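Trainee: Below is one structure. I have some questions about it.
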Amino acid sequence: MLIRTSRGVTCKPDPSYSVMSTTQPSPFSTLISAPIVAGIAVIAISTGVTHASSTSSDWAMFRGNNGQGIMETTDFPTEFGPDTNVAWKAAVPPAHSSPILVGDRIYLTGVDGQDLVTIALDRASGREVWRQAAPRPRTEKLDTRNGPAAASPVSDGSTVVVFFGDFGLIAYDRDGKSLWQVPLGPFNNVYGMGASPILVEDRVILAIDQQTNSSIFAVSLKTGERLWSAQRPEAKSGHSSPVLFQPEGGEPQVLMAGSFLLTSYSVATGEKLWWINGLPFEMKSTPSIADGNLFIHGYGSPLNEIDSTVSVPSWQEAKADDADGDNQITPEETSVSIAKEWLGFVDLNSNGKLGEDDWRYLQAALASKNSMIAIRLPGARATGDLTEEHVLWKHFRQVPQLPSPLTYQGALWMVNDRAITTVLDPATGTVLSQGRIEGLIDSIYASPIAGDGKVVITGRSGKIAVLSAKAAAAGKLESLAVNDMDEVIYATPALDATTLYVRTHTALYAFREARLTNEN
């Protein structure tokens with residue numbers, strides 16, 4: 001079956017990539033050990049929820065309720081800054097992770113000198129309530145755009161769970177007492193780890209996508225004991241966070257975007273249920289879900305643009321350069337320039353050579369295309385490859401690498417790393433509006449969020465644009481304000497009913513309309 005694209009052309013889904021053996025040892029043989037439980041007391045954990053949130057004004061995980069970046073609010077300020085509409089300001093250590101809001105607390109992680117810390121703040125005042133340092137048995141190599149505290153916390157109000165790539169998972173109670181620890185790693189993600197954990201019912205779910213032994217697993221929120229794990233042999237590069245989906249009449253599912261595939265797993269058992277093929281080879285964004293559809297985009301490199309074609313010889317042809325006959329190609333042996341340039345990305349076992357699996361991954365990676373993909377979510381009994389029937393459309397232009405998509409008030413937003421904003425019709429992929437925001441010429445790491453009819457786009461240099469959602473859907477990118485924090489920002493902001501929380505390199509700000517602050 002052919003699929004429609006937003007450019008008025010047709011294309012077939014990319015071919016499946018499945019060259020890695022499915023008989024690899026369990027990823028948990030090296031990536032996870034038995035949980036370390038602090039003490040014998042166990043706190044009561046509520047169950048039966050399908051997302052982490054205690055009240056309607058909580059923002060209890062990366063990008064809030066189910067990672068969607070939306071808060072129903074009518075009061076957060078349009079204009080703000082270091083001296084404007086500041087309810088409070090708290091000094092915090094730097095990090096790429098985002099703050100979460102649960103009950104009367106704010107939780108965030110950071111890097112304080114050499115310490116990986118989890119911090120609890122009082123939500124009303126910004127006062128620090130407690131701070132705990134995690135073990136740090138190693139310092140993993142990171143891409144310059146990443147940091148050792150990249151994953152955001154998640155909480156159900158009673159327990160807060162954090163993940164650090166240099167250690168693993170840790171759970172604290174609301175008073176900062178360590179409940180359990182699950183050491184993980186070391187990892188071999190070329191960028192370093194970045195996916196955030198999520199909560200569903202009585203379990204914590206974390207995806208570990210890396211060059212070898214990729215997996216997704218669940219541990220008990222109560223004890224840290226492993227409940228299930230599922231291998232993801234196709235996933236090689238990226239750090240998307242999973243989202244939850246519960247079809248009508250069905251059980252909750254975890255949806256995980258990774259190299260080439262969007263995959264559904266059973267929350268209860270980890271069973272792989274269904275998948276969509278044709279995603280780019282690098283995935284870093286978190287999916288957006290609206291009106292029964294899912295939207296996800298990925299970006300690999302300029303060579304993966306829709307108009308780019310890179311020819312790579314077959315493995316049999318490439319082996320002609322194998323001078324020493326060891327069935328592996330070194331950079332010195334190969335005459336294929338892209339194989340030399342991409343060695344660090346496709347040398348899956350990091351031995352400095354390319355074997356057949358590495359070469360086939362190189363071919364598949366270069367064949368994939370940077371794109372936004374719209375997917376119709378299936379019913380409760382769906383299984384297997386749903387690509388032909390459920391891919392609605394693809395869009396190939398100005399695709400982001402890092403910021404996640406946002407679906408808000410009938411429009412689909414994506415903001416690429418160079419601050420070009422594209423607003424699409426979710427039903428058809430038609431471009432409704434596109435362009436640069438005046439005053440926001442910047443690189444973008446944070447994901448857009450929305451509420452009160454406004455969309456917030458945050459630049460790395462500290463410029464934060466607030467746009468009219470209604471105007472953008474009608475064809476005009478209307479900037480209501482561009483606010484300058486005058487400090488570097490990597491973290492995605494958080495929202496509650498009245499307040500916008502912005503994390504800069506050195507501080508967490510709570511912005512609220514002055515009249516509301518004065519009322520309190």
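So you can find residues: chains in the structure tokens are A, B, ... in the order shown, residues in each start at 1, and ligands are numbered from 1 in order.
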In range 144-216 of chain A, what's strand (DSSP E or B) per DSSP? Answer as number ranges by chain?

Mentor: A: 154-155, 159-164, 168-173, 178-184, 198-200, 203-208, 215-216

Trainee: Generate a file of the selected residues that holds N, CA, C and O atoms, formatted as a short mmCIF file (atom, residue, chain, number, x, y, z; two decimals), in the first residue's frame.

Mentor:
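To be explicit, this is the file written out as again-v3.cif:
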data_model
loop_
_atom_site.label_atom_id
_atom_site.label_comp_id
_atom_site.auth_asym_id
_atom_site.auth_seq_id
_atom_site.Cartn_x
_atom_site.Cartn_y
_atom_site.Cartn_z
N VAL A 154 10.43 11.30 37.61
CA VAL A 154 9.01 10.99 37.50
C VAL A 154 8.51 10.66 38.90
O VAL A 154 9.26 10.11 39.72
N SER A 155 7.26 11.01 39.20
CA SER A 155 6.76 10.79 40.56
C SER A 155 5.26 10.57 40.55
O SER A 155 4.54 11.11 39.70
N THR A 159 6.48 8.66 45.75
CA THR A 159 7.82 8.20 45.39
C THR A 159 8.30 9.00 44.19
O THR A 159 7.52 9.27 43.27
N VAL A 160 9.57 9.39 44.20
CA VAL A 160 10.17 10.04 43.04
C VAL A 160 11.30 9.15 42.54
O VAL A 160 12.09 8.63 43.33
N VAL A 161 11.33 8.93 41.23
CA VAL A 161 12.33 8.04 40.62
C VAL A 161 13.19 8.86 39.67
O VAL A 161 12.66 9.64 38.86
N VAL A 162 14.51 8.66 39.75
CA VAL A 162 15.45 9.37 38.88
C VAL A 162 16.36 8.36 38.21
O VAL A 162 16.56 7.25 38.70
N PHE A 163 16.92 8.79 37.08
CA PHE A 163 17.86 7.95 36.33
C PHE A 163 19.07 8.78 35.95
O PHE A 163 18.93 9.88 35.39
N PHE A 164 20.26 8.27 36.25
CA PHE A 164 21.51 8.87 35.83
C PHE A 164 22.29 7.83 35.02
O PHE A 164 22.44 6.68 35.44
N GLY A 168 22.34 4.60 37.35
CA GLY A 168 21.15 3.79 37.12
C GLY A 168 19.94 4.45 37.73
O GLY A 168 19.84 5.69 37.78
N LEU A 169 18.98 3.64 38.21
CA LEU A 169 17.74 4.14 38.77
C LEU A 169 17.82 4.24 40.29
O LEU A 169 18.41 3.37 40.95
N ILE A 170 17.20 5.29 40.84
CA ILE A 170 17.10 5.46 42.29
C ILE A 170 15.69 5.95 42.61
O ILE A 170 15.16 6.83 41.91
N ALA A 171 15.09 5.41 43.66
CA ALA A 171 13.79 5.85 44.13
C ALA A 171 13.94 6.46 45.53
O ALA A 171 14.62 5.90 46.40
N TYR A 172 13.30 7.61 45.73
CA TYR A 172 13.26 8.28 47.03
C TYR A 172 11.81 8.46 47.46
O TYR A 172 10.91 8.58 46.62
N ASP A 173 11.59 8.52 48.79
CA ASP A 173 10.28 8.95 49.25
C ASP A 173 10.24 10.48 49.28
O ASP A 173 11.23 11.15 48.97
N SER A 178 16.21 7.20 50.55
CA SER A 178 16.41 6.28 49.44
C SER A 178 15.68 4.98 49.72
O SER A 178 15.90 4.33 50.74
N LEU A 179 14.78 4.61 48.81
CA LEU A 179 13.98 3.40 48.98
C LEU A 179 14.63 2.20 48.31
O LEU A 179 14.61 1.10 48.85
N TRP A 180 15.15 2.40 47.12
CA TRP A 180 15.86 1.33 46.42
C TRP A 180 16.72 1.93 45.33
O TRP A 180 16.53 3.07 44.92
N GLN A 181 17.70 1.15 44.90
CA GLN A 181 18.59 1.54 43.82
C GLN A 181 18.76 0.36 42.87
O GLN A 181 18.85 -0.78 43.31
N VAL A 182 18.80 0.64 41.57
CA VAL A 182 19.05 -0.38 40.56
C VAL A 182 20.24 0.08 39.72
O VAL A 182 20.10 0.90 38.81
N PRO A 183 21.45 -0.40 40.03
CA PRO A 183 22.62 -0.04 39.21
C PRO A 183 22.45 -0.56 37.78
O PRO A 183 21.98 -1.68 37.56
N LEU A 184 22.82 0.26 36.81
CA LEU A 184 22.72 -0.09 35.39
C LEU A 184 24.01 0.29 34.69
O LEU A 184 24.80 1.08 35.21
N ILE A 198 9.27 6.51 33.06
CA ILE A 198 7.86 6.81 33.22
C ILE A 198 7.26 5.87 34.26
O ILE A 198 7.84 4.82 34.57
N LEU A 199 6.11 6.23 34.80
CA LEU A 199 5.38 5.38 35.75
C LEU A 199 4.06 4.97 35.13
O LEU A 199 3.39 5.77 34.47
N VAL A 200 3.67 3.73 35.36
CA VAL A 200 2.35 3.27 35.00
C VAL A 200 1.95 2.18 35.98
O VAL A 200 2.71 1.24 36.22
N ARG A 203 4.54 0.25 38.37
CA ARG A 203 5.86 -0.04 37.82
C ARG A 203 6.52 1.18 37.19
O ARG A 203 5.85 2.11 36.75
N VAL A 204 7.83 1.13 37.18
CA VAL A 204 8.68 2.11 36.51
C VAL A 204 9.16 1.49 35.21
O VAL A 204 9.63 0.35 35.21
N ILE A 205 9.06 2.23 34.12
CA ILE A 205 9.50 1.72 32.82
C ILE A 205 10.57 2.64 32.27
O ILE A 205 10.43 3.87 32.28
N LEU A 206 11.66 2.05 31.80
CA LEU A 206 12.79 2.80 31.27
C LEU A 206 13.28 2.13 29.99
O LEU A 206 13.42 0.91 29.94
N ALA A 207 13.56 2.93 28.99
CA ALA A 207 14.14 2.44 27.74
C ALA A 207 15.64 2.70 27.73
O ALA A 207 16.10 3.78 28.10
N ILE A 208 16.39 1.70 27.31
CA ILE A 208 17.84 1.80 27.19
C ILE A 208 18.19 1.52 25.73
O ILE A 208 18.42 0.37 25.33
N SER A 215 17.23 -2.25 25.13
CA SER A 215 16.13 -2.92 25.79
C SER A 215 15.16 -1.89 26.35
O SER A 215 15.45 -0.69 26.41
N ILE A 216 14.00 -2.37 26.75
CA ILE A 216 13.06 -1.62 27.57
C ILE A 216 12.65 -2.55 28.69
O ILE A 216 12.49 -3.75 28.49
#

Trainee: So which bits of range 249-493 of chain A end up alpha helix (DSSP H) when you DSSP the backbone, as a ChimeraX atom specification?

Mentor: /A:315-318,337-341,343-346,356-367,387-390,469-473

Trainee: For the residues in that selection, give me N, CA and C atoms as a compact mmCIF listing (two decimals), in the first residue's frame.

Mentor:
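The resulting file, out_36.txt, is reproduced below:
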# COMPACT_ATOMS: atom_id res chain seq x y z
N TRP A 315 27.66 -5.48 1.06
CA TRP A 315 28.72 -6.04 1.90
C TRP A 315 29.67 -6.89 1.06
N GLN A 316 29.12 -7.63 0.15
CA GLN A 316 29.98 -8.46 -0.69
C GLN A 316 30.95 -7.61 -1.49
N GLU A 317 30.48 -6.47 -1.97
CA GLU A 317 31.37 -5.56 -2.71
C GLU A 317 32.37 -4.90 -1.76
N ALA A 318 31.90 -4.53 -0.57
CA ALA A 318 32.78 -3.86 0.39
C ALA A 318 33.92 -4.78 0.83
N SER A 337 34.05 6.47 1.52
CA SER A 337 34.31 7.60 2.41
C SER A 337 33.27 7.72 3.52
N ILE A 338 31.99 7.45 3.24
CA ILE A 338 30.97 7.60 4.27
C ILE A 338 31.16 6.57 5.38
N ALA A 339 31.72 5.41 5.05
CA ALA A 339 32.00 4.41 6.07
C ALA A 339 33.06 4.90 7.04
N LYS A 340 34.05 5.63 6.54
CA LYS A 340 35.06 6.22 7.41
C LYS A 340 34.46 7.32 8.27
N GLU A 341 33.65 8.17 7.65
CA GLU A 341 33.09 9.32 8.37
C GLU A 341 32.09 8.90 9.44
N LEU A 343 32.03 5.96 11.06
CA LEU A 343 32.52 4.80 11.83
C LEU A 343 32.02 4.83 13.27
N GLY A 344 32.10 6.00 13.92
CA GLY A 344 31.71 6.08 15.33
C GLY A 344 30.24 5.81 15.57
N PHE A 345 29.40 6.00 14.53
CA PHE A 345 27.97 5.77 14.67
C PHE A 345 27.56 4.34 14.35
N VAL A 346 28.27 3.69 13.45
CA VAL A 346 27.83 2.38 12.96
C VAL A 346 28.73 1.23 13.40
N GLU A 356 29.79 -7.32 8.99
CA GLU A 356 28.61 -7.36 8.12
C GLU A 356 27.41 -6.69 8.77
N ASP A 357 27.17 -6.92 10.07
CA ASP A 357 26.04 -6.28 10.73
C ASP A 357 26.21 -4.77 10.75
N ASP A 358 27.43 -4.32 11.01
CA ASP A 358 27.70 -2.88 11.01
C ASP A 358 27.42 -2.28 9.63
N TRP A 359 27.85 -2.99 8.59
CA TRP A 359 27.70 -2.47 7.24
C TRP A 359 26.23 -2.40 6.83
N ARG A 360 25.48 -3.41 7.20
CA ARG A 360 24.06 -3.41 6.87
C ARG A 360 23.32 -2.32 7.64
N TYR A 361 23.78 -2.05 8.85
CA TYR A 361 23.20 -0.93 9.60
C TYR A 361 23.52 0.40 8.92
N LEU A 362 24.76 0.55 8.43
CA LEU A 362 25.13 1.76 7.69
C LEU A 362 24.21 1.95 6.49
N GLN A 363 23.97 0.89 5.74
CA GLN A 363 23.08 0.98 4.58
C GLN A 363 21.66 1.39 4.98
N ALA A 364 21.14 0.75 6.02
CA ALA A 364 19.78 1.05 6.45
C ALA A 364 19.67 2.47 7.00
N ALA A 365 20.70 2.90 7.76
CA ALA A 365 20.68 4.25 8.33
C ALA A 365 20.65 5.30 7.23
N LEU A 366 21.47 5.13 6.21
CA LEU A 366 21.52 6.11 5.13
C LEU A 366 20.27 6.08 4.25
N ALA A 367 19.59 4.95 4.22
CA ALA A 367 18.36 4.85 3.43
C ALA A 367 17.17 5.49 4.12
N THR A 387 2.27 -1.14 9.47
CA THR A 387 2.73 -0.01 8.67
C THR A 387 1.80 0.32 7.52
N GLU A 388 1.44 -0.65 6.72
CA GLU A 388 0.67 -0.40 5.51
C GLU A 388 -0.68 0.23 5.81
N GLU A 389 -1.34 -0.22 6.87
CA GLU A 389 -2.69 0.23 7.16
C GLU A 389 -2.75 1.46 8.04
N HIS A 390 -1.70 1.76 8.81
CA HIS A 390 -1.83 2.77 9.86
C HIS A 390 -0.96 4.01 9.68
N ALA A 469 -1.57 30.19 19.65
CA ALA A 469 -1.91 28.92 19.00
C ALA A 469 -2.98 29.13 17.94
N LYS A 470 -3.95 29.98 18.20
CA LYS A 470 -5.04 30.24 17.26
C LYS A 470 -4.52 30.85 15.97
N ALA A 471 -3.64 31.84 16.09
CA ALA A 471 -3.10 32.50 14.90
C ALA A 471 -2.28 31.54 14.05
N ALA A 472 -1.48 30.68 14.70
CA ALA A 472 -0.65 29.74 13.95
C ALA A 472 -1.50 28.75 13.18
N ALA A 473 -2.58 28.27 13.79
CA ALA A 473 -3.47 27.34 13.11
C ALA A 473 -4.17 28.00 11.93

Trainee: With distances taken over only C-alpha atoms, which of A:Leu262, A:Asp75, A:Asp291, A:Gly113 is nearest to Val391 in chain A?

Mentor: A:Leu262

Trainee: Considering only C-alpha atoms, can you say which of A:Ser288, A:Gln434, A:Ser125, A:Thr421 comes closest to Trp88 in chain A?

Mentor: A:Ser125

Trainee: Figure out the distance between CA of Gln68 in chain A and CA of Ile373 in chain A, please, to one decimal in Å.

Mentor: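 Between these atoms lies a distance of 16.4 Å.
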
Trainee: When you count only C-alpha atoms, which of these residues is closest to Ala497 in chain A: A:Val466, A:Ile375, A:Val336, A:Leu101?

Mentor: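 Answer, going by the shortest atom-to-atom distance: A:Leu101.
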
Trainee: Find the residues near Ser237 in chain A: any atom within 8 Å, counting only C-alpha atoms, skip ones fewer than 3 places away on the same chain, and give them as a short mmCIF file (atom, residue, chain, number, x, y, z; two decimals) with N, CA, C and O atoms, in the first residue's frame.

Mentor:
data_model
loop_
_atom_site.label_atom_id
_atom_site.label_comp_id
_atom_site.auth_asym_id
_atom_site.auth_seq_id
_atom_site.Cartn_x
_atom_site.Cartn_y
_atom_site.Cartn_z
N ASN A 189 25.88 4.28 24.26
CA ASN A 189 25.15 5.18 23.37
C ASN A 189 26.11 6.27 22.92
O ASN A 189 26.74 6.93 23.76
N VAL A 190 26.22 6.49 21.62
CA VAL A 190 27.21 7.44 21.10
C VAL A 190 26.97 8.85 21.63
O VAL A 190 27.89 9.65 21.72
N TYR A 191 25.73 9.16 22.01
CA TYR A 191 25.41 10.48 22.55
C TYR A 191 25.42 10.53 24.07
O TYR A 191 25.40 11.61 24.66
N ASP A 209 18.18 2.55 24.90
CA ASP A 209 18.58 2.39 23.50
C ASP A 209 20.05 2.78 23.37
O ASP A 209 20.47 3.86 23.81
N GLN A 210 20.83 1.90 22.76
CA GLN A 210 22.27 2.11 22.61
C GLN A 210 22.76 1.25 21.45
O GLN A 210 21.96 0.61 20.77
N GLN A 211 24.05 1.25 21.21
CA GLN A 211 24.56 0.58 20.02
C GLN A 211 24.44 -0.93 20.08
O GLN A 211 24.31 -1.60 19.06
N GLY A 258 12.09 4.25 18.26
CA GLY A 258 13.52 3.96 18.20
C GLY A 258 13.95 3.85 16.75
O GLY A 258 13.18 4.12 15.83
N SER A 259 15.17 3.44 16.55
CA SER A 259 15.68 3.32 15.18
C SER A 259 14.74 2.49 14.32
O SER A 259 14.46 1.33 14.63
N PHE A 281 16.63 6.54 11.39
CA PHE A 281 17.49 5.66 12.18
C PHE A 281 17.88 6.25 13.52
O PHE A 281 18.30 5.53 14.42
N GLU A 282 17.73 7.57 13.69
CA GLU A 282 17.98 8.19 14.99
C GLU A 282 16.70 8.84 15.49
O GLU A 282 16.10 9.66 14.80
N MET A 283 16.31 8.48 16.71
CA MET A 283 15.09 9.01 17.30
C MET A 283 15.41 9.58 18.68
O MET A 283 15.94 8.89 19.54
N PHE A 345 29.40 6.00 14.53
CA PHE A 345 27.97 5.77 14.67
C PHE A 345 27.56 4.34 14.35
O PHE A 345 26.58 3.84 14.90
#

Trainee: Of the residues A:Pro400, A:Gly270, A:Gly459, A:Gly325, which is the one nearest to Ile437 in chain A, using only C-alpha atoms?

Mentor: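 Residue with the minimum atom-to-atom distance to Ile437 in chain A: A:Gly459.
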
Trainee: Between A:Ile457, A:Leu273, A:Leu142, A:Ile106, which has the minimum distance to Tyr509 in chain A (counting only C-alpha atoms)?

Mentor: A:Ile106

Trainee: Enter the distance from CA of Gly410 in chain A to CA of Leu386 in chain A, in Å, rounded to one decimal.

Mentor: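 Separation between CA of Gly410 in chain A and CA of Leu386 in chain A: 25.1 Å.
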
Trainee: Rank A:Gln246, A:Ser57, A:Thr309, A:Thr269 by their smallest atom-to-atom distance to Ala218 in chain A, using only C-alpha atoms, and report the top residue only.

Mentor: A:Thr269

Trainee: Name all residues at most 8 Å from range 301-307 of chain A (count only C-alpha atoms; drop same-chain ones fewer than 5 positions away) and give them as a list in words.

Mentor: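 Surrounding residues, per the criterion: Leu366, Ala367, Ser368, Lys369, Asn370, Phe396 and Arg397 of chain A.
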
Trainee: Tell me which protein, DNA and RNA residues are within 10 Å of Pro426 in chain A, counting only C-alpha atoms, leaving out same-chain ones fewer than 5 positions away, and put them as a list in words.

Mentor: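 That gives Ala290, Asp291, Asn293, Leu294, Phe295, Ala374, Leu392, Trp393, Thr407, Tyr408, Gly410, Ala411, Leu412, Trp413, Val431 and Leu432 of chain A.
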
Trainee: To one decimal place in Å, what is the distance between CA of Leu255 in chain A and CA of Thr383 in chain A?

Mentor: 13.3 Å
